[in-house]
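So this block is run.pdb, PDB, C-alpha atoms:
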MODEL        1
ATOM      1  CA  MET I   1     106.075 108.291  90.251  1.00  0.00           C
ATOM      2  CA  LYS I   2     107.599 107.832  93.696  1.00  0.00           C
ATOM      3  CA  THR I   3     106.496 111.363  94.606  1.00  0.00           C
ATOM      4  CA  ILE I   4     102.906 110.590  93.626  1.00  0.00           C
ATOM      5  CA  TYR I   5     103.025 107.261  95.483  1.00  0.00           C
ATOM      6  CA  ASN I   6     104.047 108.910  98.745  1.00  0.00           C
ATOM      7  CA  SER I   7     101.624 111.806  98.262  1.00  0.00           C
ATOM      8  CA  ILE I   8      98.681 109.395  97.923  1.00  0.00           C
ATOM      9  CA  LYS I   9      99.698 107.699 101.186  1.00  0.00           C
ATOM     10  CA  ASP I  10      99.610 111.057 102.986  1.00  0.00           C
ATOM     11  CA  GLU I  11      96.215 111.952 101.494  1.00  0.00           C
ATOM     12  CA  VAL I  12      94.686 108.662 102.664  1.00  0.00           C
ATOM     13  CA  VAL I  13      95.908 109.245 106.228  1.00  0.00           C
ATOM     14  CA  ARG I  14      94.416 112.783 106.148  1.00  0.00           C
ATOM     15  CA  HIS I  15      91.052 111.628 104.726  1.00  0.00           C
ATOM     16  CA  SER I  16      88.196 112.595 107.075  1.00  0.00           C
ATOM     17  CA  LYS I  17      86.779 109.044 107.220  1.00  0.00           C
ATOM     18  CA  VAL I  18      90.195 107.739 108.254  1.00  0.00           C
ATOM     19  CA  LYS I  19      90.984 110.515 110.740  1.00  0.00           C
ATOM     20  CA  ASP I  20      87.600 110.108 112.433  1.00  0.00           C
ATOM     21  CA  SER I  21      88.044 106.362 112.844  1.00  0.00           C
ATOM     22  CA  VAL I  22      90.261 104.382 115.208  1.00  0.00           C
ATOM     23  CA  LEU I  23      92.982 104.705 112.549  1.00  0.00           C
ATOM     24  CA  GLY I  24      93.311 108.393 113.325  1.00  0.00           C
ATOM     25  CA  LYS I  25      93.993 107.675 116.976  1.00  0.00           C
ATOM     26  CA  VAL I  26      96.882 105.224 116.655  1.00  0.00           C
ATOM     27  CA  GLN I  27     100.387 105.319 115.269  1.00  0.00           C
ATOM     28  CA  GLY I  28     101.917 102.415 113.420  1.00  0.00           C
ATOM     29  CA  TRP I  29      99.071 100.542 111.744  1.00  0.00           C
ATOM     30  CA  LYS I  30      98.987  96.754 112.013  1.00  0.00           C
ATOM     31  CA  ARG I  31      97.061  94.062 110.143  1.00  0.00           C
ATOM     32  CA  SER I  32      93.794  94.767 111.994  1.00  0.00           C
ATOM     33  CA  HIS I  33      94.036  98.445 111.087  1.00  0.00           C
ATOM     34  CA  TYR I  34      94.407  97.686 107.388  1.00  0.00           C
ATOM     35  CA  ILE I  35      91.273  95.514 107.600  1.00  0.00           C
ATOM     36  CA  ILE I  36      89.428  98.562 108.959  1.00  0.00           C
ATOM     37  CA  LEU I  37      90.910 100.765 106.224  1.00  0.00           C
ATOM     38  CA  SER I  38      89.801  98.253 103.594  1.00  0.00           C
ATOM     39  CA  GLU I  39      86.218  98.443 104.928  1.00  0.00           C
ATOM     40  CA  ILE I  40      86.259 102.261 104.982  1.00  0.00           C
ATOM     41  CA  ILE I  41      87.430 102.409 101.374  1.00  0.00           C
ATOM     42  CA  LYS I  42      84.917  99.737 100.286  1.00  0.00           C
ATOM     43  CA  ASN I  43      82.027 101.673 101.830  1.00  0.00           C
ATOM     44  CA  GLU I  44      83.075 104.920 100.161  1.00  0.00           C
ATOM     45  CA  LEU I  45      83.637 103.307  96.750  1.00  0.00           C
ATOM     46  CA  ALA I  46      80.171 101.727  96.932  1.00  0.00           C
ATOM     47  CA  LEU I  47      78.728 105.259  96.973  1.00  0.00           C
ATOM     48  CA  SER I  48      81.045 106.710  94.335  1.00  0.00           C
ATOM     49  CA  GLU I  49      79.548 108.017  91.090  1.00  0.00           C
ATOM     50  CA  GLU I  50      82.853 107.232  89.384  1.00  0.00           C
ATOM     51  CA  LEU I  51      82.365 103.502  89.923  1.00  0.00           C
ATOM     52  CA  ARG I  52      79.138 103.015  88.048  1.00  0.00           C
ATOM     53  CA  TYR I  53      78.368 100.632  85.234  1.00  0.00           C
ATOM     54  CA  ASP I  54      81.362  99.454  83.126  1.00  0.00           C
ATOM     55  CA  LYS I  55      83.987 101.130  85.291  1.00  0.00           C
ATOM     56  CA  LYS I  56      82.852  99.067  88.268  1.00  0.00           C
ATOM     57  CA  PHE I  57      83.437  95.880  86.262  1.00  0.00           C
ATOM     58  CA  GLU I  58      86.800  97.161  85.053  1.00  0.00           C
ATOM     59  CA  LEU I  59      88.200  98.207  88.442  1.00  0.00           C
ATOM     60  CA  GLY I  60      86.037  96.544  91.058  1.00  0.00           C
ATOM     61  CA  ASN I  61      85.068  98.448  94.208  1.00  0.00           C
ATOM     62  CA  THR I  62      87.186  96.829  96.908  1.00  0.00           C
ATOM     63  CA  ILE I  63      90.855  96.751  97.920  1.00  0.00           C
ATOM     64  CA  SER I  64      92.082  93.917 100.105  1.00  0.00           C
ATOM     65  CA  HIS I  65      93.736  94.696 103.426  1.00  0.00           C
ATOM     66  CA  ILE I  66      96.822  92.787 102.222  1.00  0.00           C
ATOM     67  CA  THR I  67      97.185  95.065  99.195  1.00  0.00           C
ATOM     68  CA  LEU I  68      96.748  98.147 101.386  1.00  0.00           C
ATOM     69  CA  GLN I  69      99.335  96.908 103.866  1.00  0.00           C
ATOM     70  CA  ARG I  70     101.830  96.361 101.072  1.00  0.00           C
ATOM     71  CA  PHE I  71     101.063  99.806  99.678  1.00  0.00           C
ATOM     72  CA  PHE I  72     101.752 101.555 102.972  1.00  0.00           C
ATOM     73  CA  GLU I  73     104.638  99.467 104.273  1.00  0.00           C
ATOM     74  CA  ASN I  74     106.720  98.731 101.159  1.00  0.00           C
ATOM     75  CA  ASP I  75     109.098 101.154  99.490  1.00  0.00           C
ATOM     76  CA  TYR I  76     108.283 102.241  95.950  1.00  0.00           C
ATOM     77  CA  GLN I  77     109.750 100.084  93.164  1.00  0.00           C
ATOM     78  CA  ASP I  78     109.334 100.938  89.467  1.00  0.00           C
ATOM     79  CA  LYS I  79     108.658  97.415  88.215  1.00  0.00           C
ATOM     80  CA  THR I  80     106.200  96.436  90.960  1.00  0.00           C
ATOM     81  CA  HIS I  81     104.277  99.665  91.279  1.00  0.00           C
ATOM     82  CA  ASN I  82     103.871 100.356  87.566  1.00  0.00           C
ATOM     83  CA  ASP I  83     102.198  96.992  87.049  1.00  0.00           C
ATOM     84  CA  LEU I  84      98.705  97.444  85.567  1.00  0.00           C
ATOM     85  CA  ARG I  85      97.016  95.686  88.496  1.00  0.00           C
ATOM     86  CA  PHE I  86      98.664  98.031  90.972  1.00  0.00           C
ATOM     87  CA  LEU I  87      97.788 101.084  88.837  1.00  0.00           C
ATOM     88  CA  LYS I  88      94.150  99.985  89.043  1.00  0.00           C
ATOM     89  CA  THR I  89      94.537  99.878  92.835  1.00  0.00           C
ATOM     90  CA  LEU I  90      95.845 103.452  92.724  1.00  0.00           C
ATOM     91  CA  ASP I  91      92.860 104.405  90.555  1.00  0.00           C
ATOM     92  CA  LYS I  92      90.505 103.118  93.261  1.00  0.00           C
ATOM     93  CA  ILE I  93      92.423 104.851  96.063  1.00  0.00           C
ATOM     94  CA  CYS I  94      92.287 108.135  94.113  1.00  0.00           C
ATOM     95  CA  ILE I  95      88.530 107.683  93.600  1.00  0.00           C
ATOM     96  CA  PHE I  96      88.258 107.180  97.369  1.00  0.00           C
ATOM     97  CA  LEU I  97      90.118 110.483  97.763  1.00  0.00           C
ATOM     98  CA  GLY I  98      87.529 112.227  95.583  1.00  0.00           C
ATOM     99  CA  PHE I  99      89.237 112.191  92.192  1.00  0.00           C
ATOM    100  CA  LYS I 100      88.143 110.622  88.913  1.00  0.00           C
ATOM    101  CA  ASP I 101      91.217 108.359  88.754  1.00  0.00           C
ATOM    102  CA  LEU I 102      95.005 108.342  89.190  1.00  0.00           C
ATOM    103  CA  ASN I 103      95.586 110.630  86.209  1.00  0.00           C
ATOM    104  CA  SER I 104      93.186 113.209  87.657  1.00  0.00           C
ATOM    105  CA  TYR I 105      95.117 113.146  90.920  1.00  0.00           C
ATOM    106  CA  ILE I 106      98.415 113.611  89.076  1.00  0.00           C
ATOM    107  CA  CYS I 107      96.962 116.573  87.164  1.00  0.00           C
ATOM    108  CA  TYR I 108      95.738 118.086  90.435  1.00  0.00           C
ATOM    109  CA  ILE I 109      99.190 117.796  91.995  1.00  0.00           C
ATOM    110  CA  LYS I 110     100.826 119.230  88.875  1.00  0.00           C
ATOM    111  CA  GLU I 111      98.414 122.164  88.616  1.00  0.00           C
ATOM    112  CA  ASN I 112      98.968 123.042  92.254  1.00  0.00           C
ATOM    113  CA  GLU I 113     102.743 122.855  91.811  1.00  0.00           C
ATOM    114  CA  ILE I 114     103.235 120.430  94.702  1.00  0.00           C
ATOM    115  CA  ASN I 115     106.783 119.071  94.536  1.00  0.00           C
ATOM    116  CA  HIS I 116     106.877 120.378  90.966  1.00  0.00           C
ATOM    117  CA  LYS I 117     110.538 119.632  90.368  1.00  0.00           C
ATOM    118  CA  ASP I 118     110.174 116.027  91.485  1.00  0.00           C
ATOM    119  CA  LEU I 119     107.083 115.595  89.323  1.00  0.00           C
ATOM    120  CA  ASP I 120     108.919 116.776  86.231  1.00  0.00           C
ATOM    121  CA  GLU I 121     111.645 114.227  86.869  1.00  0.00           C
ATOM    122  CA  ASP I 122     109.338 111.342  87.782  1.00  0.00           C
ATOM    123  CA  ILE I 123     106.219 111.655  85.654  1.00  0.00           C
ATOM    124  CA  PHE I 124     107.843 112.576  82.366  1.00  0.00           C
ATOM    125  CA  SER I 125     110.200 109.630  82.314  1.00  0.00           C
ATOM    126  CA  THR I 126     109.316 105.926  82.214  1.00  0.00           C
ATOM    127  CA  ASP I 127     105.938 106.522  83.827  1.00  0.00           C
ATOM    128  CA  ILE I 128     104.798 108.489  80.779  1.00  0.00           C
ATOM    129  CA  VAL I 129     104.442 105.230  78.848  1.00  0.00           C
ATOM    130  CA  TYR I 130     102.135 103.708  81.457  1.00  0.00           C
ATOM    131  CA  ARG I 131     100.056 106.870  81.505  1.00  0.00           C
ATOM    132  CA  TYR I 132      99.967 106.941  77.709  1.00  0.00           C
ATOM    133  CA  CYS I 133      98.711 103.345  77.452  1.00  0.00           C
ATOM    134  CA  SER I 134      96.050 104.042  80.065  1.00  0.00           C
ATOM    135  CA  THR I 135      94.985 107.119  78.103  1.00  0.00           C
ATOM    136  CA  VAL I 136      94.807 105.159  74.838  1.00  0.00           C
ATOM    137  CA  PHE I 137      92.472 102.714  76.554  1.00  0.00           C
ATOM    138  CA  GLU I 138      90.358 105.655  77.749  1.00  0.00           C
ATOM    139  CA  LEU I 139      90.304 107.011  74.184  1.00  0.00           C
ATOM    140  CA  TYR I 140      88.971 103.686  72.885  1.00  0.00           C
ATOM    141  CA  LYS I 141      86.295 103.616  75.583  1.00  0.00           C
ATOM    142  CA  ASN I 142      84.898 106.884  74.219  1.00  0.00           C
ATOM    143  CA  PHE I 143      84.586 105.626  70.617  1.00  0.00           C
ATOM    144  CA  PRO I 144      82.858 106.564  68.362  1.00  0.00           C
ATOM    145  CA  VAL I 145      83.428 110.001  69.930  1.00  0.00           C
ATOM    146  CA  LEU I 146      87.023 111.044  69.237  1.00  0.00           C
ATOM    147  CA  LYS I 147      88.619 112.744  72.255  1.00  0.00           C
ATOM    148  CA  LEU I 148      92.159 113.547  71.176  1.00  0.00           C
ATOM    149  CA  GLU I 149      92.370 116.174  73.916  1.00  0.00           C
ATOM    150  CA  LEU I 150      93.096 113.299  76.311  1.00  0.00           C
ATOM    151  CA  PHE I 151      96.661 113.278  74.969  1.00  0.00           C
ATOM    152  CA  LYS I 152      97.454 116.951  75.506  1.00  0.00           C
ATOM    153  CA  ASP I 153      99.672 116.342  78.565  1.00  0.00           C
ATOM    154  CA  LEU I 154     101.415 113.295  77.082  1.00  0.00           C
ATOM    155  CA  VAL I 155     102.053 113.850  73.362  1.00  0.00           C
ATOM    156  CA  PHE I 156     103.369 116.964  71.617  1.00  0.00           C
ATOM    157  CA  GLU I 157     100.642 118.641  69.575  1.00  0.00           C
ATOM    158  CA  ASN I 158     102.736 118.983  66.397  1.00  0.00           C
ATOM    159  CA  SER I 159     104.346 115.541  66.631  1.00  0.00           C
ATOM    160  CA  PRO I 160     104.259 112.950  63.828  1.00  0.00           C
ATOM    161  CA  PHE I 161     103.027 110.424  66.386  1.00  0.00           C
ATOM    162  CA  LEU I 162      99.866 112.394  67.207  1.00  0.00           C
ATOM    163  CA  GLU I 163      99.171 112.974  63.522  1.00  0.00           C
ATOM    164  CA  ARG I 164      99.290 109.235  62.724  1.00  0.00           C
ATOM    165  CA  ALA I 165      97.276 108.260  65.797  1.00  0.00           C
ATOM    166  CA  SER I 166      94.656 110.862  64.917  1.00  0.00           C
ATOM    167  CA  GLU I 167      94.226 109.432  61.420  1.00  0.00           C
ATOM    168  CA  PHE I 168      93.896 105.848  62.705  1.00  0.00           C
ATOM    169  CA  SER I 169      91.396 106.794  65.410  1.00  0.00           C
ATOM    170  CA  LYS I 170      89.329 109.097  63.194  1.00  0.00           C
ATOM    171  CA  GLU I 171      88.765 106.316  60.665  1.00  0.00           C
ATOM    172  CA  LEU I 172      87.630 103.868  63.378  1.00  0.00           C
ATOM    173  CA  CYS I 173      85.210 106.449  64.767  1.00  0.00           C
ATOM    174  CA  GLU I 174      83.816 107.108  61.312  1.00  0.00           C
ATOM    175  CA  ARG I 175      83.225 103.352  60.991  1.00  0.00           C
ATOM    176  CA  ASN I 176      81.321 103.525  64.305  1.00  0.00           C
ATOM    177  CA  PHE I 177      83.641 101.265  66.321  1.00  0.00           C
ATOM    178  CA  GLU I 178      82.790 100.822  70.022  1.00  0.00           C
ATOM    179  CA  LEU I 179      84.980  99.146  72.652  1.00  0.00           C
ATOM    180  CA  VAL I 180      83.391  96.316  74.642  1.00  0.00           C
ATOM    181  CA  THR I 181      84.467  96.640  78.300  1.00  0.00           C
ATOM    182  CA  LYS I 182      81.727  94.712  80.116  1.00  0.00           C
ATOM    183  CA  ASN I 183      83.117  92.027  82.442  1.00  0.00           C
ATOM    184  CA  ASN I 184      86.655  93.262  81.707  1.00  0.00           C
ATOM    185  CA  ARG I 185      86.372  91.919  78.157  1.00  0.00           C
ATOM    186  CA  SER I 186      88.955  94.437  76.907  1.00  0.00           C
ATOM    187  CA  ASN I 187      92.206  95.079  78.752  1.00  0.00           C
ATOM    188  CA  PHE I 188      95.911  95.747  78.343  1.00  0.00           C
ATOM    189  CA  GLU I 189      99.171  95.305  80.219  1.00  0.00           C
ATOM    190  CA  VAL I 190     102.632  96.840  79.977  1.00  0.00           C
ATOM    191  CA  PHE I 191     105.126  94.139  80.925  1.00  0.00           C
ATOM    192  CA  ASP I 192     108.406  95.970  80.994  1.00  0.00           C
ATOM    193  CA  ILE I 193     110.159  99.174  80.044  1.00  0.00           C
ATOM    194  CA  ASN I 194     113.827  99.547  79.147  1.00  0.00           C
ATOM    195  CA  ILE I 195     115.533 102.880  78.613  1.00  0.00           C
ATOM    196  CA  VAL I 196     117.573 102.500  75.421  1.00  0.00           C
ATOM    197  CA  THR I 197     118.788 106.110  75.219  1.00  0.00           C
ATOM    198  CA  ASP I 198     118.917 108.572  78.110  1.00  0.00           C
ATOM    199  CA  GLU I 199     120.063 112.083  77.173  1.00  0.00           C
ATOM    200  CA  PRO I 200     119.317 115.512  78.695  1.00  0.00           C
ATOM    201  CA  ASP I 201     116.637 116.279  76.104  1.00  0.00           C
ATOM    202  CA  LYS I 202     115.830 112.884  74.581  1.00  0.00           C
ATOM    203  CA  LYS I 203     114.902 109.401  75.782  1.00  0.00           C
ATOM    204  CA  ILE I 204     114.178 106.257  73.784  1.00  0.00           C
ATOM    205  CA  LEU I 205     112.158 103.621  75.639  1.00  0.00           C
ATOM    206  CA  GLU I 206     111.441 100.032  74.601  1.00  0.00           C
ATOM    207  CA  THR I 207     108.345  98.318  75.998  1.00  0.00           C
ATOM    208  CA  GLN I 208     106.586  94.978  75.930  1.00  0.00           C
ATOM    209  CA  GLU I 209     102.820  95.440  75.699  1.00  0.00           C
ATOM    210  CA  PHE I 210      99.862  93.093  75.536  1.00  0.00           C
ATOM    211  CA  TRP I 211      96.561  94.394  74.159  1.00  0.00           C
ATOM    212  CA  ASN I 212      93.377  92.342  74.299  1.00  0.00           C
ATOM    213  CA  LEU I 213      90.544  94.385  72.777  1.00  0.00           C
ATOM    214  CA  LEU I 214      87.082  93.653  71.448  1.00  0.00           C
ATOM    215  CA  PHE I 215      85.360  96.222  69.249  1.00  0.00           C
ATOM    216  CA  LYS I 216      81.835  96.052  67.885  1.00  0.00           C
ATOM    217  CA  VAL I 217      80.562  98.101  64.953  1.00  0.00           C
ATOM    218  CA  GLY I 218      77.493 100.223  65.633  1.00  0.00           C
ATOM    219  CA  GLU I 219      74.081  98.709  65.065  1.00  0.00           C
ATOM    220  CA  THR I 220      75.367  95.776  63.008  1.00  0.00           C
ATOM    221  CA  GLY I 221      77.174  94.265  65.995  1.00  0.00           C
ATOM    222  CA  GLU I 222      80.066  93.131  63.774  1.00  0.00           C
ATOM    223  CA  GLN I 223      83.043  92.242  65.985  1.00  0.00           C
ATOM    224  CA  HIS I 224      86.748  92.930  65.575  1.00  0.00           C
ATOM    225  CA  PHE I 225      89.349  91.416  67.901  1.00  0.00           C
ATOM    226  CA  VAL I 226      92.821  92.627  68.802  1.00  0.00           C
ATOM    227  CA  ASN I 227      94.928  90.100  70.715  1.00  0.00           C
ATOM    228  CA  GLN I 228      98.609  90.858  70.444  1.00  0.00           C
ATOM    229  CA  LEU I 229     101.890  91.019  72.307  1.00  0.00           C
ATOM    230  CA  ASN I 230     104.432  93.319  70.727  1.00  0.00           C
ATOM    231  CA  THR I 231     107.524  95.437  71.319  1.00  0.00           C
ATOM    232  CA  GLN I 232     107.063  99.170  70.946  1.00  0.00           C
ATOM    233  CA  ILE I 233     109.613 101.966  70.822  1.00  0.00           C
ATOM    234  CA  TYR I 234     108.803 105.402  72.246  1.00  0.00           C
ATOM    235  CA  PHE I 235     110.790 108.520  71.377  1.00  0.00           C
ATOM    236  CA  ILE I 236     110.415 111.093  74.144  1.00  0.00           C
ATOM    237  CA  ARG I 237     111.725 114.647  73.925  1.00  0.00           C
ATOM    238  CA  LYS I 238     112.177 117.538  76.309  1.00  0.00           C
ATOM    239  CA  ILE I 239     110.951 120.811  74.792  1.00  0.00           C
ATOM    240  CA  ASN I 240     110.548 124.016  76.839  1.00  0.00           C
ATOM    241  CA  ASN I 241     111.476 121.996  79.929  1.00  0.00           C
ATOM    242  CA  VAL I 242     108.580 119.549  79.427  1.00  0.00           C
ATOM    243  CA  TRP I 243     108.886 115.841  78.646  1.00  0.00           C
ATOM    244  CA  LYS I 244     106.332 114.413  76.187  1.00  0.00           C
ATOM    245  CA  ILE I 245     106.134 111.695  73.555  1.00  0.00           C
ATOM    246  CA  TRP I 246     107.325 112.798  70.117  1.00  0.00           C
ATOM    247  CA  ASP I 247     107.125 109.587  68.109  1.00  0.00           C
ATOM    248  CA  ASN I 248     106.551 105.854  68.398  1.00  0.00           C
ATOM    249  CA  TYR I 249     107.297 102.705  66.450  1.00  0.00           C
ATOM    250  CA  ASN I 250     104.421 100.227  66.700  1.00  0.00           C
ATOM    251  CA  PRO I 251     104.580  97.364  64.195  1.00  0.00           C
ATOM    252  CA  ASP I 252     100.814  96.792  64.486  1.00  0.00           C
ATOM    253  CA  ALA I 253      99.676 100.402  64.192  1.00  0.00           C
ATOM    254  CA  GLY I 254      96.616 100.734  61.997  1.00  0.00           C
ATOM    255  CA  ARG I 255      95.914  97.001  62.083  1.00  0.00           C
ATOM    256  CA  LEU I 256      92.172  97.503  62.535  1.00  0.00           C
ATOM    257  CA  ASN I 257      92.014 100.187  59.846  1.00  0.00           C
ATOM    258  CA  ILE I 258      92.941  97.752  57.067  1.00  0.00           C
ATOM    259  CA  LYS I 259      90.227  95.281  58.100  1.00  0.00           C
ATOM    260  CA  LYS I 260      87.133  95.642  55.954  1.00  0.00           C
TER
ENDMDL
END
Re-express the file's structure as structure tokens.
Amino acid sequence: MKTIYNSIKDEVVRHSKVKDSVLGKVQGWKRSHYIILSEIIKNELALSEELRYDKKFELGNTISHITLQRFFENDYQDKTHNDLRFLKTLDKICIFLGFKDLNSYICYIKENEINHKDLDEDIFSTDIVYRYCSTVFELYKNFPVLKLELFKDLVFENSPFLERASEFSKELCERNFELVTKNNRSNFEVFDINIVTDEPDKKILETQEFWNLLFKVGETGEQHFVNQLNTQIYFIRKINNVWKIWDNYNPDAGRLNIKK
């Protein structure tokens, strides 16, 4: 993720709105410059089609100058910069850069083979769990339409994990579940990740995750809540030189499916 972090910094500096401002004419930004950058980003996000409706409530459309100063001046640290709040900041910066979100930017970098070796090492390691959780949340937001293709870059197609997740999600879609996201009603957070096993072609990661979700059922408006903190285990494999999730142990998997 460090490669992506530094790449985003460079893209912001090269952005036309930044280059054409006073920021493009000075070296070594100070507090006043980050205030200007914050205003530039706010103005662009206000016009963005990506930040309409529920997504605006989920992410907001501003980034404080303090957050931007920390982003540019601090070195990358796994624990700090994989925090959900900071990932949302990266989402907004990537939208400012013209992308749908952080994942879209990562895919762009990957497809264009920029620093490809570093990306393989960084993205398909601990960061894969953060990206997976973000993608699960995106999957829920599309219910009752089932978009399993969202997982194609994260989970092996023939894996037992994808098969189980597909069954759980298909049943919820058939029951016409919809995720309530207005006013940030549904959210999640990954607290920590520990690498239990680290081998050349296999990693086992343990995470602490909190999921706070509200689903409603179609026209009836029936509500189902998920509010849980649990430990999950991810089994990640390297096949054909690509790291993806192969399996997962989630003690609460299928919890909503057994509710009638």
What separation in Å, quoted to one decimal, exists between CA of Asp192 in chain I and CA of Glu209 in chain I?
->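 Value for the CA of Asp192 in chain I-CA of Glu209 in chain I distance: 7.7 Å.
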Written as number ranges by chain, what is the full residue list that the PyMOL selection byres ((chain I and resi 187) around 7) yields on the file shown?
-> I: 184-186, 188, 211-213
Test item: the PyMOL selection byres ((chain I and resi 66-73) around 8) resolved as a list of chain:residue names |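 That expression, the PyMOL selection byres ((chain I and resi 66-73) around 8), corresponds here to I:Lys9, I:Arg31, I:Tyr34, I:Ser38, I:Ile63, I:Ser64, I:His65, I:Asn74, I:Asp75.
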Could you tell me which of I:Gln228, I:Ser169, I:Lys203, I:Val13 comes closest to Val26 in chain I if we count only C-alpha atoms?
->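 Result for the nearest residue to Val26 in chain I: I:Val13.
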Suppose you want the space between CA of Asp153 in chain I and CA of Phe177 in chain I; what is it in Å?
->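 Straight-line distance from CA of Asp153 in chain I to CA of Phe177 in chain I works out to 25.2 Å.
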Residues near Glu178 in chain I, cut-off 6 Å, all atoms listed in the file, skip fewer than 5 positions along chain, as a PyMOL selection string | chain I and resi 143-144+215-216
Carefully work through the PyMOL selection byres ((chain I and resi 248) around 6) for this structure and note down the residues it includes, as a PyMOL selection string.
-> chain I and resi 233-235+247+249
Selected residues, C-alpha atoms, written as a PDB file, keeping the file's coordinate frame, please.
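The resulting file, out.pdb, is reproduced below:
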ATOM      1  CA  ILE I 233     109.613 101.966  70.822  1.00  0.00           C
ATOM      2  CA  TYR I 234     108.803 105.402  72.246  1.00  0.00           C
ATOM      3  CA  PHE I 235     110.790 108.520  71.377  1.00  0.00           C
ATOM      4  CA  ASP I 247     107.125 109.587  68.109  1.00  0.00           C
ATOM      5  CA  TYR I 249     107.297 102.705  66.450  1.00  0.00           C
TER       6      TYR I 249
END
May I ask you to restore all heavy atoms in range 64-69 of chain I and write the result as an mmCIF file, keeping the file's coordinate frame?
data_model
loop_
_atom_site.group_PDB
_atom_site.id
_atom_site.type_symbol
_atom_site.label_atom_id
_atom_site.label_comp_id
_atom_site.auth_asym_id
_atom_site.auth_seq_id
_atom_site.Cartn_x
_atom_site.Cartn_y
_atom_site.Cartn_z
ATOM 1 N N SER I 64 91.830 94.808 98.973
ATOM 2 C CA SER I 64 92.082 93.917 100.105
ATOM 3 C C SER I 64 93.008 94.566 101.127
ATOM 4 O O SER I 64 93.820 95.440 100.791
ATOM 5 C CB SER I 64 92.699 92.600 99.615
ATOM 6 O OG SER I 64 94.050 92.788 99.257
ATOM 7 N N HIS I 65 92.873 94.141 102.380
ATOM 8 C CA HIS I 65 93.736 94.696 103.426
ATOM 9 C C HIS I 65 95.199 94.326 103.187
ATOM 10 O O HIS I 65 96.111 95.080 103.565
ATOM 11 C CB HIS I 65 93.278 94.205 104.805
ATOM 12 C CG HIS I 65 93.543 92.763 105.065
ATOM 13 N ND1 HIS I 65 92.679 91.751 104.665
ATOM 14 C CD2 HIS I 65 94.578 92.129 105.687
ATOM 15 C CE1 HIS I 65 93.163 90.586 105.042
ATOM 16 N NE2 HIS I 65 94.312 90.772 105.658
ATOM 17 N N ILE I 66 95.440 93.196 102.525
ATOM 18 C CA ILE I 66 96.822 92.787 102.222
ATOM 19 C C ILE I 66 97.456 93.754 101.225
ATOM 20 O O ILE I 66 98.603 94.188 101.392
ATOM 21 C CB ILE I 66 96.845 91.350 101.670
ATOM 22 C CG1 ILE I 66 96.361 90.364 102.732
ATOM 23 C CG2 ILE I 66 98.252 90.975 101.205
ATOM 24 C CD1 ILE I 66 96.205 88.947 102.237
ATOM 25 N N THR I 67 96.684 94.109 100.191
ATOM 26 C CA THR I 67 97.185 95.065 99.195
ATOM 27 C C THR I 67 97.459 96.413 99.839
ATOM 28 O O THR I 67 98.485 97.060 99.567
ATOM 29 C CB THR I 67 96.173 95.219 98.054
ATOM 30 O OG1 THR I 67 96.007 93.960 97.392
ATOM 31 C CG2 THR I 67 96.651 96.253 97.040
ATOM 32 N N LEU I 68 96.566 96.856 100.711
ATOM 33 C CA LEU I 68 96.748 98.147 101.386
ATOM 34 C C LEU I 68 97.966 98.123 102.303
ATOM 35 O O LEU I 68 98.727 99.096 102.375
ATOM 36 C CB LEU I 68 95.500 98.496 102.184
ATOM 37 C CG LEU I 68 94.273 98.884 101.346
ATOM 38 C CD1 LEU I 68 93.036 98.950 102.226
ATOM 39 C CD2 LEU I 68 94.509 100.211 100.643
ATOM 40 N N GLN I 69 98.177 97.012 102.981
ATOM 41 C CA GLN I 69 99.335 96.908 103.866
ATOM 42 C C GLN I 69 100.636 96.965 103.070
ATOM 43 O O GLN I 69 101.592 97.637 103.473
ATOM 44 C CB GLN I 69 99.257 95.618 104.684
ATOM 45 C CG GLN I 69 100.318 95.529 105.769
ATOM 46 C CD GLN I 69 100.021 94.421 106.777
ATOM 47 O OE1 GLN I 69 99.025 93.707 106.672
ATOM 48 N NE2 GLN I 69 100.890 94.287 107.780
#
